[in-house]
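Structure file upload_9.cif (mmCIF, C-alpha atoms) is printed below.
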data_my_file
loop_
_atom_site.label_atom_id
_atom_site.label_comp_id
_atom_site.auth_asym_id
_atom_site.auth_seq_id
_atom_site.Cartn_x
_atom_site.Cartn_y
_atom_site.Cartn_z
CA MET A 1 7.79 -22.96 -16.62
CA GLN A 2 10.99 -25.01 -16.59
CA GLY A 3 14.09 -25.17 -18.70
CA ILE A 4 17.16 -27.36 -18.72
CA PRO A 5 20.59 -25.75 -18.69
CA GLY A 6 22.01 -26.06 -22.17
CA ARG A 7 25.48 -27.45 -22.89
CA GLY A 8 28.35 -25.43 -24.24
CA GLN A 9 27.89 -21.72 -24.70
CA CYS A 10 24.68 -21.29 -22.79
CA TRP A 11 26.18 -20.87 -19.40
CA ALA A 12 23.56 -18.72 -17.81
CA ALA A 13 20.47 -20.78 -18.03
CA VAL A 14 17.21 -20.08 -16.38
CA LEU A 15 16.24 -23.03 -14.24
CA ALA A 16 12.78 -22.22 -13.17
CA ALA A 17 10.57 -19.23 -13.19
CA VAL A 18 7.61 -18.26 -11.19
CA LEU A 19 5.45 -15.43 -12.37
CA ALA A 20 3.16 -14.03 -9.80
CA CYS A 21 1.37 -10.77 -10.26
CA SER A 22 0.35 -8.91 -7.17
CA MET A 23 -3.27 -10.05 -7.51
CA MET A 24 -2.32 -13.65 -6.99
CA GLY A 25 -0.64 -12.98 -3.68
CA ALA A 26 3.08 -12.97 -3.80
CA GLY A 27 3.95 -14.99 -0.73
CA ILE A 28 7.18 -16.82 -1.28
CA GLY A 29 6.84 -18.95 1.78
CA LEU A 30 10.12 -17.82 3.29
CA LEU A 31 8.47 -15.61 5.86
CA THR A 32 5.95 -16.93 8.29
CA ALA A 33 2.83 -14.92 8.89
CA GLY A 34 3.06 -12.64 11.91
CA GLU A 35 2.00 -14.10 15.21
CA PRO A 36 -1.79 -13.70 15.34
CA GLN A 37 -1.91 -12.47 18.93
CA ARG A 38 -0.48 -9.10 17.97
CA TYR A 39 -3.50 -8.47 15.78
CA ARG A 40 -6.13 -9.17 18.42
CA VAL A 41 -6.82 -7.02 21.45
CA GLU A 42 -9.67 -7.96 23.78
CA GLY A 43 -11.96 -9.18 21.03
CA ARG A 44 -10.95 -6.43 18.63
CA ARG A 45 -9.56 -7.98 15.48
CA SER A 46 -7.43 -6.29 12.87
CA GLY A 47 -8.44 -6.86 9.26
CA TYR A 48 -5.18 -8.81 9.05
CA THR A 49 -6.83 -11.72 10.89
CA TYR A 50 -9.46 -12.01 8.15
CA LEU A 51 -6.89 -12.26 5.36
CA SER A 52 -5.84 -15.44 3.60
CA ALA A 53 -2.40 -16.79 4.50
CA GLU A 54 -1.12 -15.59 1.12
CA ASN A 55 -2.24 -12.03 1.71
CA GLN A 56 -0.80 -12.08 5.23
CA GLN A 57 2.52 -13.14 3.76
CA LEU A 58 2.29 -10.40 1.18
CA GLN A 59 1.76 -7.79 3.90
CA ASP A 60 4.60 -9.17 6.03
CA ASP A 61 7.08 -9.33 3.18
CA ASP A 62 9.08 -6.12 3.27
CA PHE A 63 9.92 -6.48 -0.38
CA ALA A 64 6.76 -7.73 -2.04
CA ASN A 65 4.24 -5.56 -0.18
CA PRO A 66 3.19 -3.10 -2.90
CA GLY A 67 2.23 -0.49 -0.29
CA LEU A 68 5.95 0.05 0.24
CA LEU A 69 6.13 1.68 -3.19
CA TRP A 70 4.11 4.55 -1.71
CA VAL A 71 6.14 4.57 1.49
CA GLU A 72 9.30 4.97 -0.59
CA GLN A 73 7.69 7.74 -2.60
CA GLY A 74 6.67 9.43 0.65
CA GLU A 75 10.21 9.22 1.96
CA LYS A 76 11.45 11.09 -1.10
CA LEU A 77 8.82 13.79 -0.63
CA TRP A 78 9.74 14.07 3.03
CA HIS A 79 13.22 15.27 2.04
CA GLN A 80 12.18 17.25 -1.02
CA ALA A 81 12.07 21.05 -0.69
CA ASP A 82 8.81 22.58 -1.87
CA GLY A 83 6.82 25.81 -1.70
CA ALA A 84 7.83 29.45 -1.31
CA THR A 85 9.99 28.86 1.76
CA GLY A 86 12.09 26.21 0.04
CA MET A 87 11.76 23.95 3.04
CA ALA A 88 10.96 20.27 3.27
CA CYS A 89 9.19 18.23 5.96
CA ALA A 90 12.66 17.22 7.12
CA SER A 91 13.65 20.87 7.71
CA CYS A 92 11.46 21.06 10.82
CA HIS A 93 10.87 17.44 11.74
CA GLY A 94 14.35 16.03 11.23
CA ASP A 95 14.68 12.28 11.56
CA PRO A 96 11.21 10.83 10.89
CA ALA A 97 12.00 7.58 12.70
CA GLU A 98 12.18 9.69 15.85
CA SER A 99 9.90 12.68 15.26
CA MET A 100 7.07 10.76 13.57
CA ARG A 101 7.15 7.69 15.79
CA GLY A 102 3.77 7.37 17.45
CA VAL A 103 2.14 10.18 15.47
CA ARG A 104 -0.18 7.88 13.53
CA THR A 105 -1.55 6.38 16.75
CA ARG A 106 -2.94 9.76 17.93
CA TYR A 107 -4.87 10.84 14.82
CA PRO A 108 -7.52 12.09 14.29
CA ARG A 109 -7.13 14.54 17.17
CA PHE A 110 -8.88 17.71 18.29
CA ASP A 111 -7.39 20.82 16.78
CA PRO A 112 -8.03 23.96 18.89
CA ARG A 113 -7.40 26.35 16.01
CA ARG A 114 -9.98 24.82 13.72
CA GLY A 115 -12.29 24.06 16.61
CA LYS A 116 -12.83 20.56 15.23
CA LEU A 117 -10.96 17.35 14.49
CA ILE A 118 -8.03 17.06 12.13
CA ASN A 119 -6.76 13.83 10.59
CA LEU A 120 -3.27 12.94 9.44
CA GLU A 121 -3.79 13.83 5.78
CA GLN A 122 -5.24 17.22 6.74
CA GLN A 123 -2.35 17.82 9.11
CA ILE A 124 0.16 17.09 6.34
CA ASN A 125 -1.60 19.54 4.04
CA ARG A 126 -1.80 22.17 6.72
CA CYS A 127 1.95 21.84 7.33
CA ARG A 128 2.49 22.25 3.61
CA GLN A 129 0.39 25.40 3.44
CA GLU A 130 1.63 27.08 6.61
CA ARG A 131 5.26 25.98 6.90
CA LEU A 132 6.32 25.33 3.31
CA GLN A 133 3.83 27.77 1.78
CA ALA A 134 3.17 25.09 -0.78
CA ARG A 135 -0.09 24.02 -2.33
CA PRO A 136 -1.99 21.29 -0.48
CA TYR A 137 -2.05 17.89 -2.16
CA PRO A 138 -5.45 16.76 -3.48
CA HIS A 139 -7.21 13.94 -1.62
CA GLU A 140 -6.09 10.46 -2.73
CA SER A 141 -3.23 11.90 -4.78
CA GLU A 142 -0.16 9.69 -4.98
CA ALA A 143 1.83 12.34 -3.10
CA LEU A 144 -0.58 12.67 -0.17
CA LEU A 145 -1.04 8.90 0.11
CA GLY A 146 2.72 8.46 -0.06
CA LEU A 147 3.48 10.97 2.69
CA ALA A 148 0.63 9.69 4.88
CA ALA A 149 1.86 6.12 4.41
CA PHE A 150 5.46 7.10 5.12
CA VAL A 151 4.55 9.00 8.29
CA SER A 152 2.18 6.21 9.42
CA ALA A 153 4.79 3.53 8.79
CA GLN A 154 7.05 5.18 11.38
CA SER A 155 4.52 4.04 14.00
CA ARG A 156 4.35 0.44 12.82
CA GLY A 157 3.57 -1.88 15.70
CA LEU A 158 2.53 0.85 18.14
CA PRO A 159 -0.99 0.62 19.56
CA ILE A 160 -3.72 3.00 18.38
CA ASP A 161 -4.29 5.50 21.18
CA VAL A 162 -6.64 8.36 20.27
CA ARG A 163 -8.11 10.86 22.74
CA ILE A 164 -11.88 11.04 22.90
CA ASP A 165 -12.30 13.11 26.07
CA GLY A 166 -12.36 16.87 26.58
CA PRO A 167 -12.92 18.95 23.46
CA ALA A 168 -12.86 15.84 21.22
CA ALA A 169 -15.90 14.35 22.99
CA PRO A 170 -18.71 15.96 20.92
CA PHE A 171 -16.98 14.94 17.69
CA PHE A 172 -16.50 11.45 18.98
CA GLU A 173 -20.23 11.30 19.79
CA ALA A 174 -21.05 12.54 16.29
CA GLY A 175 -18.86 9.83 14.80
CA LYS A 176 -20.48 7.23 17.01
CA ALA A 177 -23.96 8.36 15.92
CA PHE A 178 -22.84 8.09 12.29
CA TYR A 179 -21.67 4.54 12.93
CA PHE A 180 -25.05 3.44 14.30
CA ARG A 181 -27.25 5.36 11.86
CA ARG A 182 -28.97 3.43 9.08
CA ARG A 183 -28.37 4.82 5.61
CA GLY A 184 -28.82 4.14 1.92
CA GLN A 185 -31.32 2.03 0.04
CA LEU A 186 -30.12 -1.06 1.86
CA ASP A 187 -30.91 0.71 5.13
CA LEU A 188 -27.80 -0.53 6.90
CA ALA A 189 -25.62 1.09 9.52
CA CYS A 190 -21.87 0.40 9.77
CA TYR A 191 -22.79 -1.44 12.95
CA HIS A 192 -24.94 -4.04 11.22
CA CYS A 193 -22.16 -5.55 9.15
CA HIS A 194 -19.06 -4.71 11.14
CA ASP A 195 -20.34 -5.61 14.61
CA ARG A 196 -23.29 -7.96 14.28
CA LEU A 197 -22.10 -9.85 11.21
CA ALA A 198 -18.32 -9.56 11.48
CA GLY A 199 -16.69 -12.89 10.68
CA GLN A 200 -19.63 -14.08 8.57
CA ARG A 201 -19.72 -14.21 4.83
CA LEU A 202 -21.05 -11.58 2.49
CA ARG A 203 -21.18 -13.35 -0.85
CA GLY A 204 -17.67 -14.67 -1.38
CA ASP A 205 -16.05 -12.46 1.20
CA VAL A 206 -15.69 -12.44 4.98
CA VAL A 207 -16.96 -9.30 6.68
CA SER A 208 -14.29 -7.82 8.93
CA GLN A 209 -14.71 -5.60 11.95
CA GLY A 210 -13.82 -2.63 9.78
CA GLN A 211 -10.76 -1.62 11.79
CA ILE A 212 -8.57 1.14 10.37
CA ASN A 213 -5.22 0.45 12.06
CA GLY A 214 -3.60 -0.48 8.74
CA PHE A 215 -4.53 2.63 6.74
CA PRO A 216 -3.61 3.84 4.24
CA VAL A 217 -4.02 0.30 2.88
CA TYR A 218 -3.16 -1.34 -0.41
CA ARG A 219 -6.52 -2.71 -1.47
CA HIS A 220 -6.64 -5.36 -4.18
CA THR A 221 -10.08 -4.15 -5.27
CA TRP A 222 -8.56 -0.76 -6.05
CA GLN A 223 -5.13 -2.05 -7.07
CA THR A 224 -3.71 0.98 -5.33
CA LEU A 225 -3.31 2.60 -1.94
CA GLY A 226 -6.35 4.25 -0.39
CA SER A 227 -7.22 6.31 2.68
CA THR A 228 -9.87 5.71 5.35
CA HIS A 229 -12.09 8.27 3.65
CA ARG A 230 -11.98 6.41 0.36
CA MET A 231 -12.95 3.28 2.27
CA PHE A 232 -15.82 5.04 4.08
CA ALA A 233 -17.08 6.41 0.77
CA TRP A 234 -16.79 2.97 -0.81
CA CYS A 235 -18.80 1.43 2.05
CA ASN A 236 -21.43 4.18 1.81
CA VAL A 237 -21.88 3.59 -1.90
CA SER A 238 -22.04 -0.17 -1.29
CA VAL A 239 -25.16 0.27 0.85
CA ARG A 240 -26.52 2.53 -1.92
CA ALA A 241 -26.04 5.70 0.07
CA GLU A 242 -24.56 8.91 -1.25
CA ALA A 243 -20.96 9.27 -0.17
CA TYR A 244 -19.58 12.38 1.51
CA PRO A 245 -16.64 14.11 -0.13
CA TYR A 246 -13.15 13.06 1.01
CA GLY A 247 -12.06 15.13 3.97
CA ALA A 248 -15.65 15.86 5.08
CA ASP A 249 -16.15 16.51 8.80
CA GLU A 250 -18.55 13.55 8.96
CA TYR A 251 -15.75 11.23 7.84
CA VAL A 252 -13.15 12.72 10.18
CA ASN A 253 -15.59 12.26 13.07
CA ILE A 254 -16.28 8.64 12.25
CA GLU A 255 -12.57 8.12 11.70
CA LEU A 256 -12.06 9.06 15.35
CA PHE A 257 -14.83 6.74 16.50
CA VAL A 258 -13.53 3.81 14.45
CA ALA A 259 -9.95 4.46 15.58
CA TRP A 260 -11.11 4.36 19.20
CA ARG A 261 -13.12 1.23 18.48
CA GLY A 262 -9.84 -0.40 17.45
CA ARG A 263 -7.80 1.07 20.31
CA GLY A 264 -4.77 -1.01 21.17
CA LEU A 265 -4.49 -2.59 17.74
CA PRO A 266 -1.03 -2.07 16.21
CA VAL A 267 -0.41 0.30 13.33
CA GLU A 268 0.14 -1.92 10.27
CA THR A 269 0.64 0.67 7.54
CA PRO A 270 0.93 -0.16 4.71
CA ALA A 271 -1.47 -3.06 5.22
CA ILE A 272 -2.85 -5.31 2.49
CA ARG A 273 -6.60 -5.67 2.29
CA ARG A 274 -8.92 -7.27 -0.22
CA MET B 275 5.89 7.17 -10.88
CA SER B 276 6.78 3.65 -12.13
CA GLN B 277 9.54 3.10 -9.64
CA PRO B 278 11.15 -0.36 -9.90
CA ARG B 279 12.37 -2.32 -6.90
CA ILE B 280 14.60 -5.35 -7.23
CA ARG B 281 16.20 -7.81 -4.87
CA VAL B 282 19.28 -9.72 -6.03
CA PRO B 283 21.76 -11.51 -3.75
CA ARG B 284 24.99 -9.51 -3.48
CA ARG B 285 27.13 -12.65 -3.35
CA ALA B 286 26.56 -16.18 -4.55
CA LYS B 287 28.54 -19.37 -5.08
CA LYS B 288 29.37 -20.34 -8.64
CA GLY B 289 26.62 -22.57 -9.98
CA GLU B 290 24.18 -21.60 -7.28
CA VAL B 291 20.54 -21.03 -8.24
CA ILE B 292 19.67 -17.51 -7.15
CA GLU B 293 16.26 -16.00 -6.60
CA ILE B 294 15.51 -12.60 -8.08
CA LYS B 295 12.50 -10.54 -7.02
CA THR B 296 11.16 -7.53 -8.85
CA LEU B 297 8.31 -5.12 -8.23
CA ILE B 298 7.33 -2.04 -10.18
CA SER B 299 4.60 0.50 -9.67
CA HIS B 300 2.43 0.78 -12.76
CA PRO B 301 -1.34 1.14 -13.27
CA MET B 302 -1.44 -1.59 -16.00
CA GLU B 303 -4.46 0.09 -17.56
CA THR B 304 -6.24 -2.65 -19.50
CA GLY B 305 -7.88 -0.55 -22.22
CA HIS B 306 -11.24 -2.09 -21.38
CA ARG B 307 -12.30 0.33 -18.67
CA ARG B 308 -14.39 3.44 -19.19
CA ASP B 309 -14.18 6.75 -17.37
CA THR B 310 -17.12 8.58 -15.80
CA GLN B 311 -18.02 10.07 -19.20
CA GLY B 312 -18.23 6.63 -20.80
CA ALA B 313 -15.10 7.06 -22.90
CA LEU B 314 -12.62 4.20 -23.13
CA ILE B 315 -9.49 4.73 -21.06
CA PRO B 316 -6.65 3.92 -23.47
CA ARG B 317 -4.61 0.83 -22.79
CA GLN B 318 -1.26 1.41 -21.12
CA ILE B 319 0.56 -1.60 -19.79
CA ILE B 320 4.10 -2.84 -19.46
CA HIS B 321 4.16 -5.42 -22.24
CA THR B 322 7.67 -6.82 -21.89
CA PHE B 323 10.07 -7.51 -19.07
CA THR B 324 13.64 -8.60 -19.68
CA CYS B 325 16.63 -9.47 -17.55
CA THR B 326 20.15 -9.69 -18.93
CA TYR B 327 23.16 -11.10 -17.12
CA ASN B 328 26.42 -9.61 -18.39
CA GLY B 329 24.68 -8.79 -21.66
CA GLU B 330 23.06 -12.18 -22.17
CA GLU B 331 19.31 -12.43 -21.81
CA VAL B 332 18.43 -14.91 -19.07
CA PHE B 333 14.76 -14.13 -18.59
CA ARG B 334 11.96 -12.53 -20.57
CA ALA B 335 8.24 -12.22 -20.01
CA ASP B 336 5.44 -10.94 -22.22
CA TRP B 337 2.65 -9.36 -20.24
CA HIS B 338 -0.94 -8.84 -21.27
CA PRO B 339 -3.83 -6.71 -19.99
CA ALA B 340 -4.90 -9.26 -17.38
CA VAL B 341 -1.75 -8.70 -15.33
CA ALA B 342 -2.62 -6.72 -12.20
CA ALA B 343 -1.36 -3.25 -11.37
CA ASN B 344 2.08 -3.00 -9.75
CA PRO B 345 3.33 -6.31 -11.17
CA TYR B 346 5.49 -8.46 -8.95
CA LEU B 347 7.76 -11.08 -10.47
CA THR B 348 10.04 -13.73 -9.00
CA PHE B 349 12.36 -15.85 -11.09
CA TYR B 350 15.54 -17.84 -10.78
CA THR B 351 18.82 -18.02 -12.63
CA VAL B 352 22.23 -19.61 -12.14
CA ALA B 353 25.06 -17.52 -10.75
CA THR B 354 27.80 -18.03 -13.33
CA GLU B 355 30.24 -15.18 -12.86
CA SER B 356 30.56 -11.80 -11.22
CA GLY B 357 28.93 -9.04 -13.15
CA ARG B 358 25.88 -6.96 -13.72
CA LEU B 359 22.21 -7.85 -14.08
CA ARG B 360 20.12 -5.35 -16.00
CA PHE B 361 16.36 -5.22 -15.78
CA ALA B 362 14.02 -3.49 -18.20
CA TRP B 363 10.27 -2.99 -18.22
CA ILE B 364 8.93 -1.76 -21.55
CA ASP B 365 5.79 0.36 -21.51
CA ASP B 366 3.18 0.60 -24.29
CA ASP B 367 4.18 4.23 -24.77
CA GLY B 368 7.76 3.15 -25.47
CA THR B 369 9.20 4.19 -22.13
CA VAL B 370 11.76 1.77 -20.73
CA TYR B 371 12.00 1.64 -16.95
CA ALA B 372 15.44 0.26 -16.22
CA THR B 373 17.49 -0.67 -13.22
CA GLU B 374 20.52 -2.85 -12.53
CA ALA B 375 22.32 -4.75 -9.81
CA ASP B 376 25.81 -6.15 -9.34
CA ILE B 377 26.54 -9.63 -8.12
CA THR B 378 29.80 -11.13 -6.88
CA VAL B 379 30.24 -14.82 -7.66
CA VAL B 380 32.84 -16.72 -5.64
#

So, in terms of structure tokens, how does the structure I just supplied come out?
Amino acid sequence: MQGIPGRGQCWAAVLAAVLACSMMGAGIGLLTAGEPQRYRVEGRRSGYTYLSAENQQLQDDDFANPGLLWVEQGEKLWHQADGATGMACASCHGDPAESMRGVRTRYPRFDPRRGKLINLEQQINRCRQERLQARPYPHESEALLGLAAFVSAQSRGLPIDVRIDGPAAPFFEAGKAFYFRRRGQLDLACYHCHDRLAGQRLRGDVVSQGQINGFPVYRHTWQTLGSTHRMFAWCNVSVRAEAYPYGADEYVNIELFVAWRGRGLPVETPAIRR
Amino acid sequence: MSQPRIRVPRRAKKGEVIEIKTLISHPMETGHRRDTQGALIPRQIIHTFTCTYNGEEVFRADWHPAVAANPYLTFYTVATESGRLRFAWIDDDGTVYATEADITVV
């Protein structure tokens, strides 16, 4: 689309216009894609390395990345009083850049009180119930995704560092077993695609290693932000298996295994994925 | 939530071509999808975007159901004088999401 500045009165003329919806990849070409080395650790490759240059630019652009809409929303909720106590996240945790830095890298973790693992979304909801005496947010709600993305974004660039020893060990083993177990009508385990065939094509797409260091991610397929559990469920359905409900123990266990599998990869939240 | 984000240079030289970036959260529901019960999900999209510069329209776009969710838009205009740029996204339901930015032209 191009126009020519008119003479006389028309003194604010549009010269050129570029319309790009988020689907088309909004890279403007001003920012170079991040240096690839950051996204590879000893053979472990972030999903970022499987993206097209345009999608990498979209993720790196701190304006155009649509995931930041949720991060902004999460920041508002962080300061917003809620529940019977009239407190907000900020009442206890103060400056998130300090108090939440590194938090994302440690989840899921073993929780002694529940006697099992807890992931970041569950921790946010528990805080809401116990500290704010507010209702927990539903899974995949805009509010929970927003807060999870905001908290995760405070750890951007820090390496994933989950604990799998001690009391977490049996849950880690359960997650590992899940990863290697065949399921669904296609009779595939996570392992078959994401280890053996990673980097090869599945129809028009490249199979990634299935790393979760960028979650919650903005996924073009969904045109919205989604959690690891939504992704696990999506993968399960794709191999014609029945998905577990969001927040199921099975998914929290495999979340720990997959996080460990990508240990050392930097937190990229909010990442862009296809 | 439909929260708009814009990026406009704070200062520009007179006659300079400036780049304006906009992003808004919106589901852009096409009206062609069905829910789990098989019923059509009604169309709800932002059908018009406008930008005015000190009251004069300098950019307008008509959007249709094929535009993706959370539409991102970049366009250019000429910095003519100091003043205010107003942006409006008009929803099918009549809601106008509006925001504005000031620019100093030297």

Counting all atoms listed in the file, the option among A:Trp222, A:Tyr107, A:Phe150, A:Phe257 closest to chain B: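 Answer, going by the shortest atom-to-atom distance: A:Trp222.
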
All residues 10 Å or closer to region 303-311 of chain B, all atoms listed in the file, same chain fewer than 5 positions away omitted, as a list of chain:residue names: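 So the residues in contact are B:Pro316, B:Arg317, B:Gln318, B:Ile319, B:Ile320, B:His338, B:Pro339, B:Ala340, B:Val341, B:Ala342, B:Ala343.
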
What would the file look like if the residues just selected were written as an mmCIF file, in the frame of the given file with C-alpha atoms?
data_model
loop_
_atom_site.group_PDB
_atom_site.id
_atom_site.type_symbol
_atom_site.label_atom_id
_atom_site.label_comp_id
_atom_site.auth_asym_id
_atom_site.auth_seq_id
_atom_site.Cartn_x
_atom_site.Cartn_y
_atom_site.Cartn_z
ATOM 1 C CA PRO B 316 -6.650 3.920 -23.470
ATOM 2 C CA ARG B 317 -4.610 0.830 -22.790
ATOM 3 C CA GLN B 318 -1.260 1.410 -21.120
ATOM 4 C CA ILE B 319 0.560 -1.600 -19.790
ATOM 5 C CA ILE B 320 4.100 -2.840 -19.460
ATOM 6 C CA HIS B 338 -0.940 -8.840 -21.270
ATOM 7 C CA PRO B 339 -3.830 -6.710 -19.990
ATOM 8 C CA ALA B 340 -4.900 -9.260 -17.380
ATOM 9 C CA VAL B 341 -1.750 -8.700 -15.330
ATOM 10 C CA ALA B 342 -2.620 -6.720 -12.200
ATOM 11 C CA ALA B 343 -1.360 -3.250 -11.370
#

Selection under test: the PyMOL selection byres ((chain B and resi 377) around 9); residues as an NGL selection string: :B and (282-286 or 353 or 355-359 or 375-376 or 378-379)

I need the residues from that last selection saved to file as a PDB file, in the frame of the given file (with C-alpha atoms), if you can.
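Once everything was written out, this is again.pdb:
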ATOM      1  CA  VAL B 282      19.280  -9.720  -6.030  1.00  0.00           C
ATOM      2  CA  PRO B 283      21.760 -11.510  -3.750  1.00  0.00           C
ATOM      3  CA  ARG B 284      24.990  -9.510  -3.480  1.00  0.00           C
ATOM      4  CA  ARG B 285      27.130 -12.650  -3.350  1.00  0.00           C
ATOM      5  CA  ALA B 286      26.560 -16.180  -4.550  1.00  0.00           C
ATOM      6  CA  ALA B 353      25.060 -17.520 -10.750  1.00  0.00           C
ATOM      7  CA  GLU B 355      30.240 -15.180 -12.860  1.00  0.00           C
ATOM      8  CA  SER B 356      30.560 -11.800 -11.220  1.00  0.00           C
ATOM      9  CA  GLY B 357      28.930  -9.040 -13.150  1.00  0.00           C
ATOM     10  CA  ARG B 358      25.880  -6.960 -13.720  1.00  0.00           C
ATOM     11  CA  LEU B 359      22.210  -7.850 -14.080  1.00  0.00           C
ATOM     12  CA  ALA B 375      22.320  -4.750  -9.810  1.00  0.00           C
ATOM     13  CA  ASP B 376      25.810  -6.150  -9.340  1.00  0.00           C
ATOM     14  CA  THR B 378      29.800 -11.130  -6.880  1.00  0.00           C
ATOM     15  CA  VAL B 379      30.240 -14.820  -7.660  1.00  0.00           C
TER      16      VAL B 379
END

The PyMOL selection byres ((chain B and resi 299) around 8) resolved against shown file, as a PyMOL selection string: (chain A and resi 66+69) or (chain B and resi 275-278+297-298+300-301+343-345)

The PyMOL selection byres ((chain B) within 6 of (chain A)) resolved against shown file, as number ranges by chain: B: 332, 342-343, 345-352

Selected residues written out, C-alpha atoms, as a compact mmCIF listing (two decimals), in the coordinates of the input:
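Contents of the output file result_36.txt:
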# COMPACT_ATOMS: atom_id res chain seq x y z
CA VAL B 332 18.43 -14.91 -19.07
CA ALA B 342 -2.62 -6.72 -12.20
CA ALA B 343 -1.36 -3.25 -11.37
CA PRO B 345 3.33 -6.31 -11.17
CA TYR B 346 5.49 -8.46 -8.95
CA LEU B 347 7.76 -11.08 -10.47
CA THR B 348 10.04 -13.73 -9.00
CA PHE B 349 12.36 -15.85 -11.09
CA TYR B 350 15.54 -17.84 -10.78
CA THR B 351 18.82 -18.02 -12.63
CA VAL B 352 22.23 -19.61 -12.14

Expected answer as a PyMOL selection string: all residues with atoms within 12 Å of (-2.0, 10.3, -4.6), all atoms listed in the file: (chain A and resi 69-71+73-74+121+136-149+216+224-227+230) or (chain B and resi 275)

Computed interatomic separation between CA of Gln129 (chain A) and CA of Glu268 (chain A) (Å):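 For CA of Gln129 (chain A) relative to CA of Glu268 (chain A), the distance reads 28.2 Å.
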
Determine, counting all atoms listed in the file, which protein, DNA and RNA residues have an atom within 9 Å of an atom of region 231-238 of chain A; residues of the same chain fewer than 4 positions away are not included. Present the result as a PDB file with C-alpha atoms, keeping the file's coordinate frame.
ATOM      1  CA  ARG A 183     -28.370   4.820   5.610  1.00  0.00           C
ATOM      2  CA  GLY A 184     -28.820   4.140   1.920  1.00  0.00           C
ATOM      3  CA  LEU A 186     -30.120  -1.060   1.860  1.00  0.00           C
ATOM      4  CA  CYS A 190     -21.870   0.400   9.770  1.00  0.00           C
ATOM      5  CA  GLY A 226      -6.350   4.250  -0.390  1.00  0.00           C
ATOM      6  CA  SER A 227      -7.220   6.310   2.680  1.00  0.00           C
ATOM      7  CA  GLU A 242     -24.560   8.910  -1.250  1.00  0.00           C
ATOM      8  CA  ALA A 243     -20.960   9.270  -0.170  1.00  0.00           C
ATOM      9  CA  TYR A 244     -19.580  12.380   1.510  1.00  0.00           C
ATOM     10  CA  PRO A 245     -16.640  14.110  -0.130  1.00  0.00           C
ATOM     11  CA  TYR A 246     -13.150  13.060   1.010  1.00  0.00           C
ATOM     12  CA  TYR A 251     -15.750  11.230   7.840  1.00  0.00           C
ATOM     13  CA  ILE A 254     -16.280   8.640  12.250  1.00  0.00           C
ATOM     14  CA  GLU A 255     -12.570   8.120  11.700  1.00  0.00           C
TER      15      GLU A 255
END

Close residues, Gly47 (chain A) itself excluded, 7 Å, all atoms listed in the file, min 5 positions apart in chain, as a list in words: Ser208, Gln209, Gly210 and Gln211 of chain A

Polymer residues at most 8 Å from Ile272 (chain A), only C-alpha atoms, same-chain spacing of 6 or more positions, as a PyMOL selection string: chain A and resi 48+55-56+58-59+65+67+214+217-220

Selection above as a file: C-alpha atoms, as an mmCIF file, in the coordinates of the input:
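Written file, out_25.cif:
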data_model
loop_
_atom_site.group_PDB
_atom_site.id
_atom_site.type_symbol
_atom_site.label_atom_id
_atom_site.label_comp_id
_atom_site.auth_asym_id
_atom_site.auth_seq_id
_atom_site.Cartn_x
_atom_site.Cartn_y
_atom_site.Cartn_z
ATOM 1 C CA TYR A 48 -5.180 -8.810 9.050
ATOM 2 C CA ASN A 55 -2.240 -12.030 1.710
ATOM 3 C CA GLN A 56 -0.800 -12.080 5.230
ATOM 4 C CA LEU A 58 2.290 -10.400 1.180
ATOM 5 C CA GLN A 59 1.760 -7.790 3.900
ATOM 6 C CA ASN A 65 4.240 -5.560 -0.180
ATOM 7 C CA GLY A 67 2.230 -0.490 -0.290
ATOM 8 C CA GLY A 214 -3.600 -0.480 8.740
ATOM 9 C CA VAL A 217 -4.020 0.300 2.880
ATOM 10 C CA TYR A 218 -3.160 -1.340 -0.410
ATOM 11 C CA ARG A 219 -6.520 -2.710 -1.470
ATOM 12 C CA HIS A 220 -6.640 -5.360 -4.180
#
